[in-house]
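Next comes coords_9.txt, a file with compact mmCIF, C-alpha atoms.
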# COMPACT_ATOMS: atom_id res chain seq x y z
CA MET I 1 -16.01 -25.22 8.02
CA THR I 2 -18.03 -22.16 7.23
CA LYS I 3 -21.08 -20.55 8.67
CA SER I 4 -24.04 -20.98 6.37
CA TYR I 5 -24.54 -18.32 3.70
CA GLY I 6 -27.63 -16.97 5.39
CA GLU I 7 -25.86 -16.73 8.72
CA VAL I 8 -22.92 -14.84 7.24
CA PHE I 9 -25.24 -12.56 5.31
CA TRP I 10 -27.27 -11.57 8.35
CA ILE I 11 -24.17 -10.93 10.44
CA LEU I 12 -22.88 -8.68 7.63
CA VAL I 13 -26.20 -6.83 7.64
CA VAL I 14 -26.08 -6.31 11.40
CA ALA I 15 -22.40 -5.27 11.36
CA GLY I 16 -23.17 -3.02 8.38
CA ALA I 17 -26.02 -1.35 10.24
CA ILE I 18 -23.80 -0.77 13.26
CA THR I 19 -21.17 0.71 10.94
CA LEU I 20 -23.71 3.13 9.46
CA VAL I 21 -24.52 4.36 12.96
CA GLY I 22 -20.81 4.87 13.66
CA ASN I 23 -20.49 6.56 10.26
CA LEU I 24 -23.20 9.00 11.39
CA VAL I 25 -21.86 9.66 14.88
CA GLY I 26 -18.18 9.90 13.91
CA PHE I 27 -18.32 11.35 10.40
CA LYS I 28 -21.74 13.06 10.27
CA ILE I 29 -22.77 11.06 7.22
CA ASN I 30 -26.49 10.40 7.04
CA PRO I 31 -27.16 6.64 6.98
CA ALA I 32 -29.63 7.22 4.14
CA ASP I 33 -26.77 8.61 2.03
CA ALA I 34 -24.40 5.79 2.93
CA LEU I 35 -26.95 2.96 2.68
CA VAL I 36 -26.34 2.13 -0.97
CA GLY I 37 -22.59 2.18 -0.38
CA MET I 38 -22.98 -0.26 2.49
CA LEU I 39 -25.21 -2.56 0.43
CA LEU I 40 -22.54 -2.52 -2.29
CA ILE I 41 -19.88 -3.43 0.28
CA ILE I 42 -22.00 -6.34 1.49
CA ALA I 43 -22.54 -7.42 -2.12
CA ILE I 44 -18.77 -7.33 -2.75
CA VAL I 45 -18.25 -9.51 0.31
CA MET I 46 -20.86 -12.03 -0.77
CA VAL I 47 -19.42 -12.26 -4.30
CA GLY I 48 -15.89 -12.69 -2.95
CA PHE I 49 -17.08 -15.17 -0.36
CA THR I 50 -18.92 -17.19 -3.02
CA LEU I 51 -15.80 -17.21 -5.21
CA GLN I 52 -13.80 -18.55 -2.29
CA GLN I 53 -16.29 -21.33 -1.62
CA LEU I 54 -16.50 -22.32 -5.29
CA LEU I 55 -12.74 -22.35 -5.82
CA ARG I 56 -12.22 -24.27 -2.62
CA ARG I 57 -14.14 -27.14 -4.17
CA ILE I 58 -11.55 -27.39 -6.92
CA GLY I 59 -8.76 -27.24 -4.39
CA VAL I 60 -7.82 -23.55 -4.45
CA GLN I 61 -7.45 -22.47 -0.83
CA LEU I 62 -6.93 -18.75 -0.35
CA PRO I 63 -8.15 -16.58 2.51
CA SER I 64 -11.43 -14.79 1.76
CA ILE I 65 -9.73 -11.40 2.02
CA ALA I 66 -7.85 -12.13 -1.23
CA TYR I 67 -11.10 -12.62 -3.16
CA ILE I 68 -13.12 -9.91 -1.47
CA SER I 69 -10.51 -7.21 -1.98
CA LEU I 70 -10.03 -8.38 -5.57
CA VAL I 71 -13.73 -7.83 -6.30
CA GLY I 72 -13.41 -4.38 -4.72
CA ILE I 73 -10.39 -3.59 -6.89
CA LEU I 74 -12.11 -4.80 -10.02
CA ILE I 75 -15.24 -2.65 -9.75
CA THR I 76 -13.26 0.50 -8.94
CA TYR I 77 -10.59 -0.08 -11.61
CA PRO I 78 -10.98 2.95 -13.93
CA ALA I 79 -11.74 0.83 -17.01
CA PHE I 80 -14.60 -0.99 -15.27
CA PRO I 81 -18.07 0.30 -16.23
CA GLY I 82 -19.39 2.64 -13.55
CA SER I 83 -16.15 2.53 -11.54
CA ASP I 84 -16.43 6.21 -10.62
CA TRP I 85 -19.92 5.71 -9.29
CA PHE I 86 -18.89 2.63 -7.30
CA PHE I 87 -15.95 4.52 -5.81
CA ALA I 88 -18.00 7.61 -4.90
CA THR I 89 -20.92 5.61 -3.52
CA ILE I 90 -18.79 3.34 -1.36
CA GLY I 91 -16.80 6.42 -0.37
CA LYS I 92 -19.80 7.48 1.72
CA VAL I 93 -18.86 4.69 4.13
CA GLN I 94 -15.70 5.84 5.87
CA PHE I 95 -12.82 3.40 6.18
CA LEU I 96 -12.34 4.18 9.86
CA ALA I 97 -16.06 3.71 10.56
CA LEU I 98 -15.63 0.12 9.35
CA THR I 99 -12.71 -0.57 11.65
CA THR I 100 -14.45 0.45 14.89
CA PRO I 101 -17.03 -2.39 15.04
CA VAL I 102 -14.34 -4.96 14.15
CA LEU I 103 -12.23 -3.87 17.10
CA ALA I 104 -15.31 -3.75 19.33
CA TYR I 105 -16.03 -7.42 18.54
CA ALA I 106 -12.33 -8.13 19.03
CA GLY I 107 -12.32 -6.35 22.38
CA ILE I 108 -15.22 -8.47 23.59
CA ALA I 109 -13.59 -11.68 22.38
CA ILE I 110 -10.10 -10.87 23.60
CA GLY I 111 -11.04 -10.65 27.28
CA ARG I 112 -10.41 -14.39 27.38
CA ASP I 113 -6.70 -14.00 26.68
CA LEU I 114 -6.17 -10.67 28.34
CA ASP I 115 -3.25 -11.90 30.42
CA ALA I 116 -1.46 -13.08 27.32
CA PHE I 117 -2.08 -9.70 25.71
CA ALA I 118 -0.90 -7.77 28.75
CA ARG I 119 2.17 -9.96 29.06
CA LEU I 120 3.44 -8.61 25.72
CA GLY I 121 3.82 -5.20 27.39
CA TRP I 122 7.11 -3.43 26.72
CA LYS I 123 8.30 -6.24 24.46
CA ILE I 124 5.71 -5.41 21.81
CA ILE I 125 6.83 -1.78 21.90
CA VAL I 126 10.42 -2.81 21.19
CA VAL I 127 9.25 -5.09 18.38
CA ALA I 128 7.00 -2.35 16.95
CA LEU I 129 9.91 0.11 16.79
CA LEU I 130 12.04 -2.46 14.97
CA VAL I 131 9.19 -3.21 12.58
CA PHE I 132 8.86 0.50 11.80
CA THR I 133 12.61 0.85 11.35
CA GLY I 134 12.74 -2.28 9.19
CA THR I 135 10.20 -1.13 6.63
CA PHE I 136 11.88 2.28 6.33
CA ILE I 137 15.46 1.05 5.98
CA GLY I 138 14.43 -1.85 3.73
CA SER I 139 12.72 0.48 1.28
CA ALA I 140 15.49 3.08 1.44
CA ILE I 141 18.22 0.50 0.71
CA ILE I 142 16.44 -1.06 -2.28
CA ALA I 143 15.42 2.33 -3.68
CA GLU I 144 18.96 3.69 -3.29
CA LEU I 145 20.53 0.66 -4.99
CA LEU I 146 18.11 0.77 -7.92
CA LEU I 147 18.43 4.52 -8.33
CA ARG I 148 22.23 4.20 -8.42
CA MET I 149 22.15 1.25 -10.82
CA THR I 150 19.94 3.19 -13.19
CA GLY I 151 22.01 6.34 -12.76
CA GLN I 152 19.19 8.45 -11.39
CA VAL I 153 21.12 9.80 -8.41
CA MET E 1 -31.02 -15.99 11.62
CA SER E 2 -31.07 -17.97 14.84
CA ASP E 3 -27.47 -17.09 15.68
CA ILE E 4 -28.19 -13.40 15.26
CA LEU E 5 -31.02 -13.68 17.76
CA LYS E 6 -28.84 -15.68 20.12
CA ASP E 7 -26.05 -13.10 19.81
CA TRP E 8 -28.32 -10.06 20.12
CA LYS E 9 -26.61 -8.94 23.30
CA ILE E 10 -23.17 -8.96 21.68
CA HIS E 11 -24.40 -6.95 18.70
CA LEU E 12 -26.18 -4.45 20.96
CA LEU E 13 -23.05 -4.05 23.07
CA VAL E 14 -20.99 -3.50 19.93
CA LEU E 15 -23.50 -0.88 18.77
CA ALA E 16 -23.23 0.90 22.12
CA ILE E 17 -19.42 0.67 22.04
CA VAL E 18 -19.32 2.07 18.50
CA ILE E 19 -21.57 5.00 19.42
CA ILE E 20 -19.45 5.88 22.45
CA ALA E 21 -16.16 5.41 20.59
CA GLU E 22 -17.23 7.47 17.57
CA PHE E 23 -18.70 10.12 19.85
CA ILE E 24 -15.33 10.59 21.55
CA GLY E 25 -13.90 10.78 18.04
CA ILE E 26 -10.35 11.08 16.73
CA ARG E 27 -8.03 12.89 19.12
CA LYS E 28 -4.67 14.20 17.99
CA VAL E 29 -1.88 15.10 20.33
CA ALA E 30 1.14 16.79 18.77
CA ILE E 31 4.40 15.47 20.16
CA GLY E 32 7.73 16.57 18.70
CA PRO E 33 7.86 15.89 14.95
CA GLY E 34 4.65 13.90 14.80
CA THR E 35 1.18 13.40 16.16
CA ALA E 36 -0.16 10.77 18.52
CA LEU E 37 -3.48 9.59 17.12
CA PHE E 38 -6.21 8.25 19.34
CA LEU E 39 -8.71 6.54 17.07
CA PRO E 40 -12.24 5.36 17.93
CA MET E 41 -11.22 1.76 17.17
CA LEU E 42 -8.73 1.92 20.02
CA TYR E 43 -11.44 3.03 22.46
CA ALA E 44 -13.69 0.30 21.05
CA LEU E 45 -11.07 -2.35 21.77
CA VAL E 46 -10.50 -1.09 25.30
CA ILE E 47 -14.21 -0.75 26.12
CA GLY E 48 -14.82 -4.24 24.72
CA ILE E 49 -12.12 -5.67 26.98
CA LEU E 50 -13.48 -3.75 29.99
CA LEU E 51 -16.93 -5.29 29.50
CA GLY E 52 -15.48 -8.77 29.98
CA PRO E 53 -15.59 -11.08 33.01
CA ARG E 54 -12.34 -9.67 34.33
CA PHE E 55 -13.70 -6.18 34.82
CA LEU E 56 -17.32 -5.10 34.48
CA LYS E 57 -18.61 -8.67 34.02
CA ILE E 58 -21.23 -7.54 31.50
CA VAL E 59 -19.94 -10.05 28.96
CA THR E 60 -19.89 -13.72 29.98
CA ASP E 61 -17.31 -16.31 29.03
CA GLU E 62 -19.73 -17.89 26.62
CA GLU E 63 -20.40 -14.57 24.91
CA MET E 64 -16.67 -13.99 24.54
CA GLU E 65 -16.47 -17.29 22.69
CA ARG E 66 -19.43 -16.39 20.52
CA ALA E 67 -17.96 -12.98 19.64
CA SER E 68 -14.92 -14.61 18.09
CA PRO E 69 -16.33 -15.63 14.68
CA LEU E 70 -18.06 -12.25 14.44
CA ILE E 71 -14.64 -10.58 14.15
CA GLY E 72 -13.78 -12.64 11.09
CA ILE E 73 -17.07 -11.84 9.41
CA SER E 74 -17.24 -8.13 10.20
CA VAL E 75 -13.66 -7.75 8.97
CA MET E 76 -14.84 -8.86 5.52
CA LEU E 77 -16.62 -5.51 5.18
CA LEU E 78 -13.31 -3.82 5.84
CA SER E 79 -11.61 -6.00 3.19
CA ALA E 80 -14.21 -5.01 0.60
CA LYS E 81 -13.76 -1.31 1.33
CA TYR E 82 -9.99 -1.77 1.23
CA GLY E 83 -10.23 -3.23 -2.26
CA THR E 84 -12.22 -0.25 -3.52
CA THR E 85 -9.47 2.12 -2.40
CA ILE E 86 -6.92 0.14 -4.42
CA GLY E 87 -8.72 -0.05 -7.78
CA PRO E 88 -8.34 3.62 -8.75
CA ALA E 89 -4.58 3.46 -8.02
CA ILE E 90 -3.82 0.59 -10.39
CA PRO E 91 -2.99 2.78 -13.45
CA THR E 92 -0.55 4.82 -11.33
CA ILE E 93 1.18 1.65 -10.23
CA VAL E 94 1.51 0.37 -13.76
CA LYS E 95 3.19 3.64 -14.76
CA ALA E 96 5.55 3.79 -11.76
CA GLY E 97 9.26 3.30 -12.30
CA ALA E 98 11.24 0.17 -11.39
CA ALA E 99 12.85 1.73 -8.31
CA LEU E 100 9.50 2.81 -6.98
CA ILE E 101 7.98 -0.62 -7.49
CA PHE E 102 10.84 -2.75 -6.21
CA GLN E 103 11.41 -0.65 -3.09
CA GLU E 104 8.03 -1.98 -2.01
CA LEU E 105 9.87 -5.23 -1.31
CA GLY E 106 11.82 -3.28 1.29
CA ASN E 107 8.70 -3.34 3.42
CA LEU E 108 9.61 -6.96 4.12
CA GLY E 109 12.40 -5.42 6.22
CA THR E 110 9.92 -5.55 9.11
CA ILE E 111 10.51 -9.30 9.21
CA PHE E 112 14.30 -9.35 9.15
CA LEU E 113 14.66 -6.67 11.79
CA GLY E 114 11.64 -7.47 13.92
CA LEU E 115 11.28 -11.24 13.97
CA PRO E 116 14.68 -12.29 15.39
CA VAL E 117 14.34 -9.80 18.23
CA ALA E 118 10.72 -10.75 18.88
CA VAL E 119 11.74 -14.41 19.18
CA ALA E 120 14.71 -13.48 21.37
CA LEU E 121 12.35 -11.58 23.66
CA GLY E 122 10.35 -14.73 24.12
CA LEU E 123 7.38 -14.04 21.86
CA LYS E 124 5.89 -17.19 20.35
CA ARG E 125 3.45 -17.04 17.47
CA GLU E 126 2.72 -13.45 18.50
CA ALA E 127 5.99 -12.71 16.69
CA VAL E 128 4.50 -13.80 13.36
CA GLY E 129 1.54 -11.43 13.64
CA ALA E 130 3.72 -8.63 14.93
CA THR E 131 6.42 -8.64 12.27
CA PHE E 132 5.03 -9.91 8.94
CA SER E 133 4.05 -6.36 7.98
CA ILE E 134 3.86 -2.87 9.39
CA ALA E 135 0.53 -3.82 11.00
CA ARG E 136 -1.92 -1.33 9.55
CA GLU E 137 -5.61 -1.97 8.89
CA GLY E 138 -4.98 -4.35 5.99
CA SER E 139 -2.76 -6.49 8.19
CA LEU E 140 -5.43 -6.65 10.87
CA ALA E 141 -7.83 -7.90 8.22
CA ILE E 142 -5.31 -10.51 7.00
CA VAL E 143 -4.65 -11.87 10.48
CA ALA E 144 -8.37 -11.83 11.34
CA ASP E 145 -9.02 -13.79 8.18
CA VAL E 146 -6.12 -16.26 8.27
CA PHE E 147 -5.61 -16.87 12.01
CA GLY E 148 -8.35 -15.02 13.89
CA LEU E 149 -7.70 -11.79 15.78
CA ASP E 150 -8.12 -13.42 19.19
CA GLY E 151 -5.25 -15.88 18.81
CA PRO E 152 -1.53 -15.25 19.42
CA GLU E 153 -0.97 -13.82 15.93
CA GLY E 154 -3.87 -11.45 16.59
CA ARG E 155 -2.27 -10.26 19.82
CA GLY E 156 0.95 -9.59 17.92
CA VAL E 157 -0.60 -7.64 15.07
CA MET E 158 -2.90 -5.68 17.37
CA GLY E 159 -0.03 -4.84 19.69
CA VAL E 160 2.05 -3.35 16.88
CA TYR E 161 -1.05 -1.77 15.38
CA ILE E 162 -1.79 0.05 18.62
CA CYS E 163 1.83 1.18 18.98
CA GLY E 164 1.61 2.42 15.39
CA THR E 165 -1.46 4.57 15.93
CA LEU E 166 -0.17 5.90 19.24
CA PHE E 167 3.39 6.81 18.43
CA GLY E 168 4.11 5.52 14.91
CA ALA E 169 3.98 8.97 13.35
CA ILE E 170 6.23 10.45 16.02
CA TYR E 171 8.77 7.67 15.65
CA PHE E 172 8.76 7.87 11.85
CA GLY E 173 9.35 11.61 12.05
CA LEU E 174 12.36 11.15 14.34
CA MET E 175 13.75 8.23 12.32
CA ALA E 176 13.44 9.99 8.94
CA GLY E 177 15.20 13.05 10.32
CA PHE E 178 17.95 10.85 11.70
CA PHE E 179 18.56 9.02 8.42
CA ALA E 180 18.53 12.30 6.51
CA SER E 181 21.31 13.54 8.79
CA LEU E 182 23.41 10.41 8.22
CA GLY E 183 23.74 11.17 4.52
CA TRP E 184 23.76 7.49 3.46
CA PHE E 185 20.73 7.77 1.23
CA SER E 186 19.62 10.16 -1.50
CA ALA E 187 16.58 12.35 -0.95
CA LYS E 188 14.62 10.34 -3.55
CA ALA E 189 15.31 7.02 -1.82
CA LEU E 190 14.42 8.48 1.56
CA GLY E 191 11.25 9.94 0.09
CA MET E 192 10.20 6.53 -1.20
CA ALA E 193 10.98 4.96 2.15
CA CYS E 194 8.40 7.28 3.74
CA GLY E 195 5.57 5.54 1.92
CA VAL E 196 4.84 2.84 4.44
CA GLY E 197 1.12 2.61 3.83
CA SER E 198 -0.07 4.93 6.55
CA ALA E 199 -0.98 8.52 5.74
CA SER E 200 -0.01 9.87 9.16
CA MET E 201 3.34 8.05 9.23
CA MET E 202 4.08 9.17 5.67
CA ALA E 203 3.20 12.77 6.52
CA ALA E 204 5.39 12.78 9.63
CA SER E 205 8.42 11.17 8.00
CA SER E 206 8.30 13.16 4.77
CA GLY E 207 7.74 16.32 6.80
CA ALA E 208 10.85 15.61 8.83
CA LEU E 209 12.82 14.91 5.63
CA VAL E 210 11.73 18.19 4.07
CA ALA E 211 12.83 20.01 7.21
CA ALA E 212 16.23 18.32 7.02
CA LEU E 213 16.69 18.53 3.22
CA PRO E 214 14.66 21.60 2.15
CA ASN E 215 16.28 21.74 -1.30
CA PHE E 216 14.70 18.42 -2.23
CA LYS E 217 11.22 19.25 -1.01
CA ASP E 218 9.37 18.48 -4.26
CA ASP E 219 11.18 15.18 -4.88
CA ILE E 220 10.62 14.01 -1.33
CA LEU E 221 6.92 14.81 -1.23
CA ALA E 222 6.20 13.37 -4.68
CA PHE E 223 8.06 10.10 -4.08
CA ALA E 224 6.64 9.73 -0.60
CA ALA E 225 3.06 10.15 -1.81
CA ALA E 226 3.55 7.79 -4.79
CA SER E 227 5.21 5.17 -2.62
CA ASN E 228 2.51 5.44 0.01
CA LEU E 229 -0.14 4.93 -2.63
CA LEU E 230 1.74 1.90 -3.96
CA THR E 231 2.15 0.40 -0.52
CA GLY E 232 -1.53 0.87 0.19
CA ALA E 233 -2.34 -1.01 -3.00
CA THR E 234 0.33 -3.70 -3.21
CA GLY E 235 0.90 -4.03 0.52
CA LEU E 236 -2.16 -6.16 1.11
CA TYR E 237 -1.13 -8.82 -1.37
CA ALA E 238 2.59 -8.50 -0.66
CA SER E 239 1.89 -9.07 3.04
CA LEU E 240 -0.46 -11.95 2.37
CA PHE E 241 1.52 -13.84 -0.27
CA LEU E 242 5.13 -12.82 0.46
CA GLY E 243 5.36 -11.38 3.95
CA LEU E 244 3.31 -13.96 5.79
CA PRO E 245 4.90 -17.11 4.26
CA LEU E 246 8.37 -15.61 4.70
CA THR E 247 7.68 -14.75 8.33
CA GLU E 248 6.24 -18.20 8.92
CA TRP E 249 9.36 -19.83 7.48
CA LEU E 250 11.78 -17.58 9.35
CA TYR E 251 9.85 -18.06 12.59
CA ARG E 252 10.03 -21.85 12.34
CA THR E 253 13.70 -21.69 11.43
CA ILE E 254 14.72 -19.39 14.25
CA SER E 255 12.46 -20.53 17.06
CA GLY E 256 12.09 -24.20 16.27
CA ASP E 257 8.45 -23.80 17.29
CA ARG E 258 6.33 -25.99 15.02
CA SER E 259 2.98 -25.30 16.66
CA ARG E 260 0.14 -24.92 14.24
CA PRO E 261 -0.64 -21.44 12.95
CA GLY E 262 -3.56 -19.82 14.69
CA GLN E 263 -3.64 -22.57 17.31
CA ALA E 264 -6.04 -25.16 15.91
CA LYS E 265 -8.85 -23.66 18.00
CA ALA E 266 -9.14 -20.38 16.17
CA GLU E 267 -9.79 -21.81 12.73
CA PRO E 268 -12.81 -24.05 13.15
CA ARG E 269 -14.45 -21.44 15.34
CA VAL E 270 -14.79 -19.06 12.45
CA GLY E 271 -16.69 -21.70 10.61
CA GLU E 272 -18.66 -23.11 13.46
CA GLY E 273 -22.36 -22.53 13.22
CA LYS E 274 -25.65 -23.90 12.12
CA GLY E 275 -24.25 -25.85 9.23
CA GLY E 276 -21.11 -26.83 11.17
CA LYS E 277 -20.22 -29.96 12.99
CA GLY E 278 -23.55 -30.64 14.59
CA GLY E 279 -23.61 -27.08 15.86
CA GLY E 280 -21.72 -28.23 18.95
CA LYS E 281 -19.30 -26.02 20.84
CA GLN E 282 -15.82 -27.14 21.62

Same coordinates, now as structure tokens:
Amino acid sequence: MTKSYGEVFWILVVAGAITLVGNLVGFKINPADALVGMLLIIAIVMVGFTLQQLLRRIGVQLPSIAYISLVGILITYPAFPGSDWFFATIGKVQFLALTTPVLAYAGIAIGRDLDAFARLGWKIIVVALLVFTGTFIGSAIIAELLLRMTGQV
Amino acid sequence: MSDILKDWKIHLLVLAIVIIAEFIGIRKVAIGPGTALFLPMLYALVIGILLGPRFLKIVTDEEMERASPLIGISVMLLSAKYGTTIGPAIPTIVKAGAALIFQELGNLGTIFLGLPVAVALGLKREAVGATFSIAREGSLAIVADVFGLDGPEGRGVMGVYICGTLFGAIYFGLMAGFFASLGWFSAKALGMACGVGSASMMAASSGALVAALPNFKDDILAFAAASNLLTGATGLYASLFLGLPLTEWLYRTISGDRSRPGQAKAEPRVGEGKGGKGGGKQ
């Protein structure tokens, strides 16, 4: 089901290296300064990934993102030892610099189903506008009801 | 390491794409109440597609196949970074009031408004990816992880994601101004509604609200920022454990489509490799 540990690790290293280059070009952050942050990110992934594999054996099946982000939350939670350092060090790797390689891989892979993607066309724009409207109205309605119930407005 | 060596061309192409995309950089175009954002990741997606067999023919069909599991693995780095932005916000969330916390559930409104129309327009499983959340970076990571970004759900979430970066802020600015003028909601509730988990959308919508209701400026900005922080933190798990199952259920109910999530093919591909089923390709 899964790529071997070593395989995943080396892909993370390569993708991480590419990210550091993007981090330099796009955000002018020296790779030497961001290196430790990137190694920490890879370590978080490997810990989360290991958790997923272990828990899968006892029947707990959650996507790896749930574990990986949880490890990230844990080490930057203010009460965790060194949380400030973790946050500042990983902060050297920009969020947007991490998204660019992902979408580059996706762009290469998506060519296969380009027609299906293009066919969405105007329909996806209509759906997007409704999605945007939905989250806004949904939050406004619940907030308004609760504020009225608790007499805050 | 053998796969890395075999995939060297893909990784080199991605490196080149990233350099070009980051070099172009973030471009902002002010339109009406908001800003259209052109992000490097959008150029990266487009360049990647252009390299394929349909256009420049630099990437072969086999390489497209081999790039697929690399999305799921590189997105793990994004998930880790995402987690580290949530940790520091946890104490704020714990202290937040009931209204602020429960209005987060309103973000599920994307499903009730978006999904029926998406299905009516003829979208299949694309509808699930498109409407289970507001389709920001965290949602991309969820879909990449659960279904694969190159399946129908991936097309859906990327479609809305792209619309969001291009004209999300503009639309939110117009919409917030419109709802402020209706007078149905209090300034506090509208302020909270602005926190949708995207800094640019929050800035545009709260800015429009302040322009419409200047007397409530402080309330609006404070609630918008707090709600945005909350959404950024809780949104990932709310989308994963509430939004996605709910969307899945509603999709099956409305469309009657029982096809397997992620189209059987996407799932094993993530795991295919040296240790996989004999290392064979489908």

Residues within 8 Å of Ala97 in chain I, only C-alpha atoms, excluding chain neighbours under 5 positions, as a list of chain:residue names
I:Thr19, I:Leu20, I:Gly22, I:Asn23, I:Gly26, I:Phe27

All residues 6 Å or closer to range 106-121 of chain I, all atoms listed in the file, same chain fewer than 2 positions away omitted, as number ranges by chain
I: 103-104, 123-124; E: 45, 48-49, 52, 64, 67-68, 71, 150, 155

Out of I:Val102, I:Ile29, I:Ile75, I:Val153, which residue has the shortest atom-to-atom distance to Met158 in chain E when counting all atoms listed in the file?
I:Val102

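The nearest approach to chain I among the residues E:Glu22, E:Asp257, E:Glu62, E:Asp219, with all atoms listed in the file taken into account, belongs to E:Glu22.
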
Spatial neighbours of Ile93 in chain E, 12 Å, all atoms listed in the file, chain gap at least 3 places, as JSON, numbers by chain
{"I": [77], "E": [86, 87, 88, 89, 90, 96, 97, 98, 99, 100, 101, 102, 104, 226, 227, 228, 229, 230, 231, 232, 233, 234]}
